[in-house]
Amino acid sequence: MAVRMLEKKDEYTRGHSQRVSRYAARTAALLGISGDTLDQIRLGGELHDIGKIGTRDAVLRKPGPLTPAEFEEMKHHVIEGEEILEPLRRDHPIVLQIVRSHHERYDGSGFPDGLRGEAIPMPARIVAVADAFDAMTTERTYRPPVAPVEAFAELSRLAGVQFDAQVVAAFAKTLPAS
């Protein structure tokens, strides 16, 4: 229900959470993840952007680049999402890890905590790849979509820098041949 509320607020995210969830679950399964962890990755993919409910429409729908202050506001969605989902922490801790850490970068330059490499929870590393791919291949207010092959080339270029190379390799196996 909350994801649908967010999608009503921002038409460009329509279907994004469901696609990220599917991509992440397929990738996780290829990495040997199953059971409750896989279920939580699926749910975390759906809820990863829930904190954007608290982001101003002017920032979410801005057609051009964000100012530094707007980018700081946008970055806060991971903390807001974790706060919104706090009641789930006991039974679904992986979901909260995903929501908080899906914008961490493998080289440590991400947010909100500047985690690096293996310090980033694997479920968040998986959702990060799925999220980036879907963002690149769907229309956004600030740019048109790119072809899946171009998006995957970008993921590959950033493997080991922004993304976990092992996750990018597994994600590649989930894509249809082009």
# chains A, B, ... in the order shown; residues from 1 in each chain; ligands from 1
>>> residues_around(residues="Ala169 in chain A", least_positions_apart="6", cutoff="10 Å", atoms="only C-alpha atoms", output="list in words")
Thr27, Leu30, Leu31, Leu155, Ser156 and Ala159 of chain A
>>> residues_around(residues="Val99 in chain A", least_positions_apart="6", cutoff="7 Å", atoms="only C-alpha atoms", output="list of chain:residue names")
A:Gly44, A:Leu47, A:His48, A:Asp49, A:Val78, A:Gly81, A:Glu82
>>> residues_around(residues="Ile53 in chain A", least_positions_apart="2", cutoff="9 Å", atoms="only C-alpha atoms", output="PyMOL selection string")
chain A and resi 2-3+5-6+9+49-51+55-56+77+80-81
>>> write_last_selection(atoms="C-alpha atoms", output="PDB file, in the first residue's frame")
ATOM      1  CA  ALA A   2       2.774   2.422   0.895  1.00  0.00           C
ATOM      2  CA  VAL A   3       4.605   1.749  -2.380  1.00  0.00           C
ATOM      3  CA  MET A   5       1.077   5.769  -2.392  1.00  0.00           C
ATOM      4  CA  LEU A   6       4.607   6.703  -3.454  1.00  0.00           C
ATOM      5  CA  LYS A   9       3.028  10.854  -5.884  1.00  0.00           C
ATOM      6  CA  ASP A  49      12.435   3.994  -1.938  1.00  0.00           C
ATOM      7  CA  ILE A  50       9.590   4.288   0.587  1.00  0.00           C
ATOM      8  CA  GLY A  51      11.321   7.230   2.263  1.00  0.00           C
ATOM      9  CA  THR A  55      10.610  14.166  -0.328  1.00  0.00           C
ATOM     10  CA  ARG A  56       9.095  17.330  -1.748  1.00  0.00           C
ATOM     11  CA  HIS A  77      15.033   9.250   1.743  1.00  0.00           C
ATOM     12  CA  GLU A  80      13.319   8.406   6.320  1.00  0.00           C
ATOM     13  CA  GLY A  81      12.544   5.007   4.824  1.00  0.00           C
TER      14      GLY A  81
END
>>> closest_residue(among="A:Lys62, A:Arg100, A:Arg140, A:Arg105", to="Phe163 in chain A", atoms="only C-alpha atoms")
A:Arg105
>>> residues_around(residues="Ala170 in chain A", least_positions_apart="2", cutoff="10 Å", atoms="only C-alpha atoms", output="PyMOL selection string")
chain A and resi 26-31+126+165-168+172-175
>>> closest_residue(among="A:Gly15, A:Gly110, A:Pro145, A:Gly117", to="Gly45 in chain A", atoms="only C-alpha atoms")
A:Gly15
>>> closest_residue(among="A:Gly32, A:His16, A:Phe111, A:Glu118", to="Met136 in chain A", atoms="only C-alpha atoms")
A:His16
>>> select_by_dssp(residues="range 74-124 of chain A", states="alpha helix (DSSP H)", output="PyMOL selection string")
chain A and resi 74-75+77-84+93-101+122-124
>>> closest_residue(among="A:Gln40, A:Ser109, A:Ser21, A:Ser34", to="Gln97 in chain A", atoms="only C-alpha atoms")
A:Gln40
>>> select_by_dssp(residues="range 9-163 of chain A", states="strand (DSSP E or B)", output="list in words")
Arg140, Arg143, Ala159 and Phe163 of chain A
>>> closest_residue(among="A:Leu38, A:Ala69, A:Val161, A:Val146", to="Val127 in chain A", atoms="only C-alpha atoms")
A:Leu38
>>> closest_residue(among="A:Pro93, A:Gly108, A:Pro63, A:Pro123", to="Ile41 in chain A", atoms="only C-alpha atoms")
A:Pro123
>>> atom_distance(atom1="CA of Glu86 in chain A", atom2="CA of Leu115 in chain A")
20.7 Å
>>> decode(residues="range 101-115 of chain A", atoms="all heavy atoms", output="compact mmCIF listing (two decimals), in the first residue's frame")
# COMPACT_ATOMS: atom_id res chain seq x y z
N SER A 101 20.77 1.15 3.02
CA SER A 101 22.09 1.04 2.39
C SER A 101 22.10 0.85 0.88
O SER A 101 23.16 0.64 0.30
CB SER A 101 22.86 -0.12 3.05
OG SER A 101 23.03 0.13 4.43
N HIS A 102 20.97 0.96 0.20
CA HIS A 102 20.98 0.70 -1.24
C HIS A 102 21.67 1.78 -2.07
O HIS A 102 21.89 1.59 -3.26
CB HIS A 102 19.57 0.40 -1.77
CG HIS A 102 18.64 1.56 -1.86
ND1 HIS A 102 17.93 2.03 -0.77
CD2 HIS A 102 18.29 2.35 -2.91
CE1 HIS A 102 17.18 3.05 -1.14
NE2 HIS A 102 17.40 3.26 -2.44
N HIS A 103 22.06 2.89 -1.45
CA HIS A 103 22.84 3.92 -2.16
C HIS A 103 24.28 3.99 -1.68
O HIS A 103 25.01 4.93 -2.02
CB HIS A 103 22.17 5.29 -2.03
CG HIS A 103 20.98 5.44 -2.92
ND1 HIS A 103 21.06 5.44 -4.30
CD2 HIS A 103 19.66 5.56 -2.63
CE1 HIS A 103 19.86 5.59 -4.81
NE2 HIS A 103 18.98 5.65 -3.82
N GLU A 104 24.71 3.00 -0.91
CA GLU A 104 26.14 2.91 -0.58
C GLU A 104 26.86 2.48 -1.86
O GLU A 104 26.27 1.83 -2.72
CB GLU A 104 26.37 1.90 0.55
CG GLU A 104 25.71 2.26 1.86
CD GLU A 104 26.35 3.44 2.59
OE1 GLU A 104 27.38 3.98 2.12
OE2 GLU A 104 25.82 3.81 3.65
N ARG A 105 28.11 2.87 -1.97
CA ARG A 105 28.91 2.52 -3.15
C ARG A 105 30.06 1.63 -2.73
O ARG A 105 30.64 1.82 -1.67
CB ARG A 105 29.43 3.78 -3.83
CG ARG A 105 28.32 4.60 -4.47
CD ARG A 105 28.86 5.89 -5.04
NE ARG A 105 29.96 5.66 -5.96
CZ ARG A 105 29.95 6.02 -7.23
NH1 ARG A 105 28.92 6.65 -7.74
NH2 ARG A 105 30.99 5.77 -8.00
N TYR A 106 30.41 0.70 -3.57
CA TYR A 106 31.45 -0.27 -3.26
C TYR A 106 32.77 0.39 -2.88
O TYR A 106 33.53 -0.12 -2.08
CB TYR A 106 31.62 -1.23 -4.43
CG TYR A 106 32.10 -2.59 -4.01
CD1 TYR A 106 31.28 -3.45 -3.30
CD2 TYR A 106 33.40 -3.01 -4.30
CE1 TYR A 106 31.72 -4.70 -2.90
CE2 TYR A 106 33.84 -4.26 -3.90
CZ TYR A 106 33.01 -5.09 -3.20
OH TYR A 106 33.44 -6.32 -2.79
N ASP A 107 33.04 1.57 -3.46
CA ASP A 107 34.29 2.29 -3.15
C ASP A 107 34.20 3.15 -1.90
O ASP A 107 35.15 3.84 -1.54
CB ASP A 107 34.73 3.14 -4.34
CG ASP A 107 33.79 4.30 -4.66
OD1 ASP A 107 32.78 4.51 -3.95
OD2 ASP A 107 34.07 5.01 -5.65
N GLY A 108 33.04 3.15 -1.23
CA GLY A 108 32.89 3.89 0.02
C GLY A 108 32.38 5.31 -0.14
O GLY A 108 32.23 6.03 0.85
N SER A 109 32.08 5.74 -1.36
CA SER A 109 31.66 7.13 -1.58
C SER A 109 30.14 7.32 -1.58
O SER A 109 29.66 8.39 -1.93
CB SER A 109 32.25 7.65 -2.90
OG SER A 109 31.69 6.96 -4.00
N GLY A 110 29.40 6.30 -1.19
CA GLY A 110 27.94 6.39 -1.19
C GLY A 110 27.39 6.99 0.09
O GLY A 110 28.11 7.55 0.90
N PHE A 111 26.08 6.85 0.26
CA PHE A 111 25.42 7.40 1.44
C PHE A 111 24.38 6.40 1.95
O PHE A 111 23.97 5.52 1.21
CB PHE A 111 24.79 8.77 1.11
CG PHE A 111 23.71 8.74 0.04
CD1 PHE A 111 22.38 8.53 0.37
CD2 PHE A 111 24.02 8.92 -1.30
CE1 PHE A 111 21.39 8.51 -0.60
CE2 PHE A 111 23.04 8.90 -2.28
CZ PHE A 111 21.73 8.70 -1.93
N PRO A 112 24.01 6.49 3.22
CA PRO A 112 24.24 7.57 4.18
C PRO A 112 25.47 7.38 5.06
O PRO A 112 25.89 8.30 5.75
CB PRO A 112 22.98 7.52 5.05
CG PRO A 112 22.64 6.08 5.12
CD PRO A 112 22.99 5.54 3.74
N ASP A 113 26.08 6.17 5.05
CA ASP A 113 27.12 5.87 6.02
C ASP A 113 28.52 5.76 5.44
O ASP A 113 29.47 5.53 6.19
CB ASP A 113 26.78 4.56 6.75
CG ASP A 113 25.43 4.65 7.46
OD1 ASP A 113 25.23 5.61 8.22
OD2 ASP A 113 24.58 3.77 7.23
N GLY A 114 28.66 5.88 4.13
CA GLY A 114 29.98 5.75 3.52
C GLY A 114 30.57 4.36 3.68
O GLY A 114 31.79 4.21 3.74
N LEU A 115 29.71 3.34 3.70
CA LEU A 115 30.19 1.96 3.82
C LEU A 115 30.95 1.58 2.55
O LEU A 115 30.67 2.09 1.47
CB LEU A 115 29.03 1.00 4.04
CG LEU A 115 28.19 1.22 5.29
CD1 LEU A 115 27.03 0.22 5.33
CD2 LEU A 115 29.03 1.13 6.55
